[in-house]
Amino acid sequence: MLNIVEKRNIPFIISSVLFVVSVFLLAFVGLKPGIDFTGGTLMEVRFTEERPSLEAVQAAIDTLDLGGVQIQPTNEDAYLFKLRFLSEEEHQMVLIALRDTFATAHTEEVMEAVDEEPVEVTVESTDDADVAMVVEEAATQRILEERVETIGPSISSEFRSRALKAGIAVMIAIILFVAYAFRKVSKPVSSWKFGITAIIALLHDVTITMGVFVLLGKYFGVEVDIPFVVALLTILGYSVNDTIVVFDRIREKLIKRGYDRFAETVNMGVNETLSRSINTSLTTLLVLTALFLFGGDSIHYFSLALMLGILLGTYSSIFLASPLLVVWEEYKQKSK
């Protein structure tokens, strides 16, 4: 049996360092907000024939010097563009750049086909004017703008406020629920302290996850958006679920064994739920890894955030939350 409680200083130091570094990054570097937070222009462009590669589209847009542009594949034949606020002139520049780049490529393909082999098109003559007409018609049908929308900063501000309120409401609800669920366990640690300990573990998981995304935003241009907020709220739920399972086993042990050997009882409870916590997390991570690798760019970083949060949640439930209960008890004994 692993003596996790006795060797708690090692994970405490690791968690403290990671937490402090993450808070520093959030305070002095900050997350890179996406269009959902800052506002901007949203465009969807459809390609009537084969959709070009993401790299080719990105290269065409980069020539316009519009700053950070997020491009995501959507449906089978379109791309979704998230940009800063664009003037009408800049909006037209984007469309012209796409049409010039990919319509030109299409024209060359048609011209090669006309030169090399007969094309089954019924026309009265095959002079250059007729070929040019056919080519131009095909090229202009290649790129279509499906929609263009503007997200204002007032909407973004309201969303930030709601996201913050949702997070606070979740944490208060967790404290109240855990305090009620563990109301019969008042020795040697009060029931409400179980709830506070669970919140400490949650803040640990969410803060370090955000710290990682600060680095991703700074060095790789990764922006946070609505799916990222959803991922954080999901991490809150998953992490507290794992923590409560461990706490529940500790509660059973306390009822059976009494409160005299509290640290030993906590360690037994953690060890008895260790395999369950690891197996549950591994099966969830397998699904998220598949989504991360094959789910497409739209949920790429959503999956990554969940993977980080679940790893941290499992770690904190085992090595952080339960040993903190022993710290509560030892502090209570010293203060007497």
# chains A, B, ... in the order shown; residues from 1 in each chain; ligands from 1
$ closest_atom_pairs --of "segment 272-336 of chain A" --to "segment 65-79 of chain A" --cutoff "12 Å" --atoms "only C-alpha atoms" --output "Markdown table"
| residue | atom | partner | partner_atom | distance |
| --- | --- | --- | --- | --- |
| A:Gly295 | CA | A:Pro73 | CA | 11.1 |
| A:Gly296 | CA | A:Pro73 | CA | 7.8 |
| A:Asp297 | CA | A:Gln72 | CA | 6.0 |
| A:Ser298 | CA | A:Gln72 | CA | 6.0 |
| A:Ile299 | CA | A:Gln72 | CA | 9.7 |
| A:His300 | CA | A:Gln72 | CA | 10.4 |
$ residues_around --residues "Val287 of chain A" --least-positions-apart "4" --cutoff "10 Å" --atoms "only C-alpha atoms" --output "VMD selection string"
chain A and resid 282 to 283 291 to 292 303 307
$ atom_distance --atom1 "atom CA of Thr41 of chain A" --atom2 "atom CA of Lys82 of chain A"
6.0 Å
$ closest_residue --among "A:Arg249, A:His204, A:Val240, A:Leu288" --to "Phe177 of chain A" --atoms "only C-alpha atoms"
A:Val240
$ atom_distance --atom1 "atom CA of Asn279 of chain A" --atom2 "atom CA of Arg8 of chain A"
22.2 Å
$ closest_residue --among "A:Leu306, A:Ile172, A:Val5, A:Ala60" --to "Pro227 of chain A" --atoms "only C-alpha atoms"
A:Leu306
$ atom_distance --atom1 "atom CA of Ser22 of chain A" --atom2 "atom CA of Thr197 of chain A"
19.6 Å
$ closest_residue --among "A:Phe182, A:Tyr301, A:Phe262, A:Trp192" --to "Leu216 of chain A" --atoms "only C-alpha atoms"
A:Tyr301
$ closest_residue --among "A:Ile143, A:Val246, A:Ile226, A:Ala166" --to "Glu50 of chain A" --atoms "only C-alpha atoms"
A:Ile143
$ residues_around --residues "Leu26 of chain A" --least-positions-apart "3" --cutoff "10 Å" --atoms "only C-alpha atoms" --output "MDAnalysis selection string"
chainID A and resid 20:23 29:31 207:208 210:215
$ write_last_selection --atoms "C-alpha atoms" --output "mmCIF file, in the first residue's frame"
data_model
loop_
_atom_site.group_PDB
_atom_site.id
_atom_site.type_symbol
_atom_site.label_atom_id
_atom_site.label_comp_id
_atom_site.auth_asym_id
_atom_site.auth_seq_id
_atom_site.Cartn_x
_atom_site.Cartn_y
_atom_site.Cartn_z
ATOM 1 C CA VAL A 20 2.261 29.933 -8.608
ATOM 2 C CA VAL A 21 3.785 29.865 -12.092
ATOM 3 C CA SER A 22 0.302 29.622 -13.632
ATOM 4 C CA VAL A 23 -0.992 32.549 -11.569
ATOM 5 C CA VAL A 29 1.001 37.471 -19.727
ATOM 6 C CA GLY A 30 -2.652 36.488 -19.879
ATOM 7 C CA LEU A 31 -4.690 34.223 -22.066
ATOM 8 C CA THR A 207 -5.569 27.405 -12.855
ATOM 9 C CA ILE A 208 -2.799 25.131 -14.110
ATOM 10 C CA MET A 210 -5.220 27.990 -17.949
ATOM 11 C CA GLY A 211 -1.510 28.483 -17.308
ATOM 12 C CA VAL A 212 -0.687 25.932 -20.000
ATOM 13 C CA PHE A 213 -2.976 27.765 -22.431
ATOM 14 C CA VAL A 214 -1.240 31.052 -21.632
ATOM 15 C CA LEU A 215 1.994 29.480 -22.909
#
$ residues_around --residues "Ile310 of chain A" --least-positions-apart "4" --cutoff "8 Å" --atoms "only C-alpha atoms" --output "PDB file with C-alpha atoms, in the first residue's frame"
ATOM      1  CA  ILE A 235     -13.168  20.011 -15.692  1.00  0.00           C
ATOM      2  CA  TYR A 238     -15.163  15.858 -13.536  1.00  0.00           C
ATOM      3  CA  SER A 239     -12.574  16.776 -10.928  1.00  0.00           C
ATOM      4  CA  SER A 281      -9.348   8.602 -16.195  1.00  0.00           C
ATOM      5  CA  LEU A 285      -8.390  10.048 -21.950  1.00  0.00           C
ATOM      6  CA  LEU A 306     -10.128  18.423 -21.205  1.00  0.00           C
ATOM      7  CA  THR A 314      -7.023  12.654 -11.079  1.00  0.00           C
TER       8      THR A 314
END
$ residues_around --residues "segment 146-150 of chain A" --least-positions-apart "6" --cutoff "8 Å" --atoms "only C-alpha atoms" --output "PyMOL selection string"
chain A and resi 39-46+85
$ write_last_selection --atoms "C-alpha atoms" --output "mmCIF file, in the first residue's frame"
data_model
loop_
_atom_site.group_PDB
_atom_site.id
_atom_site.type_symbol
_atom_site.label_atom_id
_atom_site.label_comp_id
_atom_site.auth_asym_id
_atom_site.auth_seq_id
_atom_site.Cartn_x
_atom_site.Cartn_y
_atom_site.Cartn_z
ATOM 1 C CA GLY A 39 -15.417 40.749 -30.832
ATOM 2 C CA GLY A 40 -14.590 40.732 -34.513
ATOM 3 C CA THR A 41 -15.696 39.446 -37.896
ATOM 4 C CA LEU A 42 -16.881 35.936 -38.685
ATOM 5 C CA MET A 43 -16.871 34.774 -42.318
ATOM 6 C CA GLU A 44 -17.851 31.453 -43.879
ATOM 7 C CA VAL A 45 -16.598 30.770 -47.410
ATOM 8 C CA ARG A 46 -17.647 27.752 -49.456
ATOM 9 C CA PHE A 85 -13.061 43.786 -36.942
#
$ closest_residue --among "A:Ser191, A:Thr265, A:Thr63, A:Thr289" --to "Ile96 of chain A" --atoms "only C-alpha atoms"
A:Thr63
$ residues_around --residues "Leu176 of chain A" --least-positions-apart "2" --cutoff "12 Å" --atoms "only C-alpha atoms" --output "PyMOL selection string"
chain A and resi 169-174+178-183+191-196+198-199
$ closest_residue --among "A:Phe159, A:Ser317, A:Ala27, A:Arg99" --to "Ile244 of chain A" --atoms "only C-alpha atoms"
A:Ser317
